[in-house]
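*Asks:* Would you mind keeping the following structure in view while I ask a few things?
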Amino acid sequence: MTQGPKTRLGQIGRATHRPDGVIVDNPDTVEGIVLLQKGDDSDPVLEGIHEEVKKLNTGILPKGVRIVPFLDRSDLVSFTVETVEHNLTRV
């Protein structure tokens with residue numbers, strides 16, 4: 001048995017705003033979502049994800065292909081944990 005290409009079910013595009021003010025429209029990109037399992041410690045998981053993305057971008061992916069995060073919630077998670085710790089330990 002052989003497996004052929006999967007039928008495409010959708011498409012996602014992305015516009016990139018360059019520092020020189022030019023907007024580059026890429027009508028066909030690939031999107032991935034990383035979810036944290038309930039009960040996991042977010043800090044080591046996020047650090048691991050950042051390390052893996054760096055490895056992929058610097059040596060594994062073909063030239064011209066990069067993973068570019070467009071919604072990274074690391075700061076949000078950090079600020080939320082800090083706020084909760086502050087509120088719980090406030091006297």
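Chain lettering (A, B, ...) mirrors the order of the structure tokens, residue numbering begins at 1 for each chain separately, and ligand numbering begins at 1 in order of display.
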Give me, as a ChimeraX atom specification, the residues of chain A that a backbone DSSP run labels strand (DSSP E or B).

*Replies:* /A:12-17,23-29

*Asks:* For the residues selected in the previous step, produce a file with all heavy atoms as a compact mmCIF listing (two decimals), in the first residue's frame.

*Replies:*
# COMPACT_ATOMS: atom_id res chain seq x y z
N ILE A 12 -3.98 29.49 4.54
CA ILE A 12 -3.77 30.64 5.41
C ILE A 12 -2.72 31.53 4.76
O ILE A 12 -1.79 31.06 4.13
CB ILE A 12 -3.31 30.21 6.83
CG1 ILE A 12 -3.19 31.41 7.74
CG2 ILE A 12 -2.02 29.44 6.80
CD1 ILE A 12 -3.04 31.06 9.20
N GLY A 13 -2.94 32.82 4.85
CA GLY A 13 -1.99 33.79 4.32
C GLY A 13 -1.48 34.68 5.42
O GLY A 13 -2.01 34.70 6.54
N ARG A 14 -0.41 35.43 5.12
CA ARG A 14 0.16 36.31 6.15
C ARG A 14 0.82 37.49 5.47
O ARG A 14 1.55 37.33 4.50
CB ARG A 14 1.19 35.54 6.95
CG ARG A 14 1.82 36.38 8.03
CD ARG A 14 2.52 35.50 9.04
NE ARG A 14 2.93 36.33 10.15
CZ ARG A 14 4.20 36.55 10.46
NH1 ARG A 14 5.15 35.99 9.77
NH2 ARG A 14 4.50 37.31 11.49
N ALA A 15 0.56 38.66 5.99
CA ALA A 15 1.22 39.88 5.52
C ALA A 15 2.33 40.24 6.51
O ALA A 15 2.12 40.23 7.72
CB ALA A 15 0.23 41.02 5.41
N THR A 16 3.51 40.52 5.99
CA THR A 16 4.65 40.90 6.81
C THR A 16 4.96 42.37 6.60
O THR A 16 5.10 42.82 5.46
CB THR A 16 5.88 40.05 6.44
OG1 THR A 16 5.55 38.67 6.56
CG2 THR A 16 7.05 40.36 7.35
N HIS A 17 5.06 43.12 7.67
CA HIS A 17 5.40 44.54 7.61
C HIS A 17 6.90 44.67 7.82
O HIS A 17 7.39 44.47 8.93
CB HIS A 17 4.63 45.32 8.67
CG HIS A 17 3.16 45.25 8.49
ND1 HIS A 17 2.44 46.27 7.94
CD2 HIS A 17 2.26 44.26 8.77
CE1 HIS A 17 1.16 45.92 7.89
NE2 HIS A 17 1.03 44.71 8.40
N ILE A 23 4.90 46.31 2.78
CA ILE A 23 4.12 45.17 3.24
C ILE A 23 4.26 44.06 2.21
O ILE A 23 3.95 44.24 1.03
CB ILE A 23 2.64 45.54 3.42
CG1 ILE A 23 2.51 46.62 4.49
CG2 ILE A 23 1.82 44.30 3.80
CD1 ILE A 23 1.11 47.17 4.63
N VAL A 24 4.74 42.91 2.66
CA VAL A 24 4.92 41.76 1.78
C VAL A 24 3.79 40.78 2.06
O VAL A 24 3.64 40.30 3.19
CB VAL A 24 6.29 41.08 2.01
CG1 VAL A 24 6.44 39.87 1.12
CG2 VAL A 24 7.42 42.07 1.80
N ASP A 25 2.99 40.50 1.05
CA ASP A 25 1.85 39.59 1.20
C ASP A 25 2.27 38.19 0.79
O ASP A 25 2.74 37.98 -0.32
CB ASP A 25 0.68 40.07 0.34
CG ASP A 25 -0.59 39.29 0.63
OD1 ASP A 25 -0.73 38.78 1.76
OD2 ASP A 25 -1.43 39.17 -0.28
N ASN A 26 2.12 37.25 1.70
CA ASN A 26 2.40 35.85 1.40
C ASN A 26 1.07 35.10 1.49
O ASN A 26 0.60 34.80 2.58
CB ASN A 26 3.42 35.27 2.37
CG ASN A 26 3.85 33.87 1.99
OD1 ASN A 26 3.27 33.25 1.10
ND2 ASN A 26 4.85 33.37 2.65
N PRO A 27 0.46 34.81 0.34
CA PRO A 27 -0.87 34.21 0.37
C PRO A 27 -0.88 32.73 0.75
O PRO A 27 -1.94 32.14 0.90
CB PRO A 27 -1.36 34.39 -1.06
CG PRO A 27 -0.12 34.41 -1.88
CD PRO A 27 0.94 35.04 -1.01
N ASP A 28 0.29 32.14 0.94
CA ASP A 28 0.32 30.71 1.24
C ASP A 28 1.42 30.42 2.25
O ASP A 28 2.59 30.37 1.92
CB ASP A 28 0.55 29.91 -0.04
CG ASP A 28 0.26 28.44 0.14
OD1 ASP A 28 -0.36 28.07 1.16
OD2 ASP A 28 0.64 27.66 -0.73
N THR A 29 1.05 30.28 3.50
CA THR A 29 2.00 29.95 4.56
C THR A 29 1.53 28.70 5.28
O THR A 29 0.45 28.18 5.01
CB THR A 29 2.12 31.11 5.57
OG1 THR A 29 0.87 31.29 6.20
CG2 THR A 29 2.55 32.39 4.92

*Asks:* Would you mind listing what lies within 12 Å of stretch 57-74 of chain A as an MDAnalysis selection string, with only C-alpha atoms counted and same-chain residues fewer than 6 positions away left out?

*Replies:* chainID A and resid 14:17 29:36 42:51 80:81

*Asks:* Would you mind reading off the distance between atom CA of A:Val53 and atom CA of A:Thr7, one decimal, in Å?

*Replies:* 27.2 Å

*Asks:* Give the alpha helix (DSSP H) residues of chain A, as assigned by DSSP on the backbone, as a PyMOL selection string.

*Replies:* chain A and resi 42-55+74-89

*Asks:* Next, write the just-selected residues to a file, as a tab-separated table (two decimals), in the first residue's frame, keeping N, CA and C atoms as the atom set.

*Replies:*
chain	number	residue	atom	x	y	z
A	42	SER	N	4.81	25.71	32.67
A	42	SER	CA	4.92	26.45	31.41
A	42	SER	C	6.34	26.93	31.10
A	43	ASP	N	7.11	27.32	32.11
A	43	ASP	CA	8.44	27.88	31.85
A	43	ASP	C	9.36	26.90	31.11
A	44	PRO	N	9.57	25.68	31.61
A	44	PRO	CA	10.46	24.77	30.88
A	44	PRO	C	9.90	24.36	29.50
A	45	VAL	N	8.59	24.27	29.40
A	45	VAL	CA	7.99	23.92	28.12
A	45	VAL	C	8.25	25.03	27.09
A	46	LEU	N	8.02	26.28	27.48
A	46	LEU	CA	8.26	27.41	26.57
A	46	LEU	C	9.74	27.51	26.20
A	47	GLU	N	10.63	27.32	27.18
A	47	GLU	CA	12.06	27.34	26.89
A	47	GLU	C	12.42	26.25	25.89
A	48	GLY	N	11.86	25.07	26.07
A	48	GLY	CA	12.12	23.96	25.15
A	48	GLY	C	11.62	24.24	23.74
A	49	ILE	N	10.46	24.86	23.64
A	49	ILE	CA	9.92	25.22	22.33
A	49	ILE	C	10.84	26.22	21.64
A	50	HIS	N	11.28	27.24	22.38
A	50	HIS	CA	12.17	28.25	21.80
A	50	HIS	C	13.49	27.62	21.33
A	51	GLU	N	14.03	26.68	22.12
A	51	GLU	CA	15.26	25.99	21.74
A	51	GLU	C	15.07	25.16	20.46
A	52	GLU	N	13.96	24.45	20.38
A	52	GLU	CA	13.70	23.61	19.20
A	52	GLU	C	13.50	24.46	17.94
A	53	VAL	N	12.81	25.59	18.09
A	53	VAL	CA	12.61	26.48	16.94
A	53	VAL	C	13.96	27.01	16.47
A	54	LYS	N	14.82	27.37	17.43
A	54	LYS	CA	16.16	27.86	17.08
A	54	LYS	C	16.95	26.78	16.33
A	55	LYS	N	16.89	25.53	16.81
A	55	LYS	CA	17.58	24.42	16.13
A	55	LYS	C	17.06	24.25	14.71
A	74	SER	N	4.68	33.84	25.74
A	74	SER	CA	5.63	33.66	26.84
A	74	SER	C	5.54	34.79	27.84
A	75	ASP	N	5.52	36.04	27.36
A	75	ASP	CA	5.43	37.19	28.27
A	75	ASP	C	4.11	37.19	29.04
A	76	LEU	N	3.03	36.87	28.35
A	76	LEU	CA	1.72	36.82	29.01
A	76	LEU	C	1.71	35.81	30.14
A	77	VAL	N	2.26	34.63	29.88
A	77	VAL	CA	2.31	33.58	30.91
A	77	VAL	C	3.16	34.05	32.09
A	78	SER	N	4.31	34.65	31.79
A	78	SER	CA	5.21	35.12	32.84
A	78	SER	C	4.55	36.19	33.70
A	79	PHE	N	3.92	37.19	33.06
A	79	PHE	CA	3.26	38.26	33.81
A	79	PHE	C	2.09	37.72	34.63
A	80	THR	N	1.36	36.77	34.10
A	80	THR	CA	0.21	36.20	34.81
A	80	THR	C	0.67	35.46	36.06
A	81	VAL	N	1.71	34.63	35.90
A	81	VAL	CA	2.23	33.88	37.05
A	81	VAL	C	2.76	34.84	38.11
A	82	GLU	N	3.48	35.87	37.67
A	82	GLU	CA	4.01	36.87	38.60
A	82	GLU	C	2.89	37.58	39.35
A	83	THR	N	1.82	37.93	38.65
A	83	THR	CA	0.68	38.61	39.29
A	83	THR	C	0.00	37.70	40.30
A	84	VAL	N	-0.20	36.45	39.95
A	84	VAL	CA	-0.84	35.50	40.88
A	84	VAL	C	0.03	35.30	42.11
A	85	GLU	N	1.35	35.13	41.90
A	85	GLU	CA	2.24	34.96	43.05
A	85	GLU	C	2.23	36.20	43.95
A	86	HIS	N	2.24	37.36	43.33
A	86	HIS	CA	2.20	38.61	44.11
A	86	HIS	C	0.92	38.71	44.92
A	87	ASN	N	-0.21	38.42	44.29
A	87	ASN	CA	-1.50	38.53	44.98
A	87	ASN	C	-1.66	37.50	46.08
A	88	LEU	N	-1.09	36.32	45.90
A	88	LEU	CA	-1.22	35.26	46.92
A	88	LEU	C	-0.29	35.48	48.10
A	89	THR	N	0.82	36.18	47.88
A	89	THR	CA	1.79	36.38	48.96
A	89	THR	C	1.71	37.75	49.59
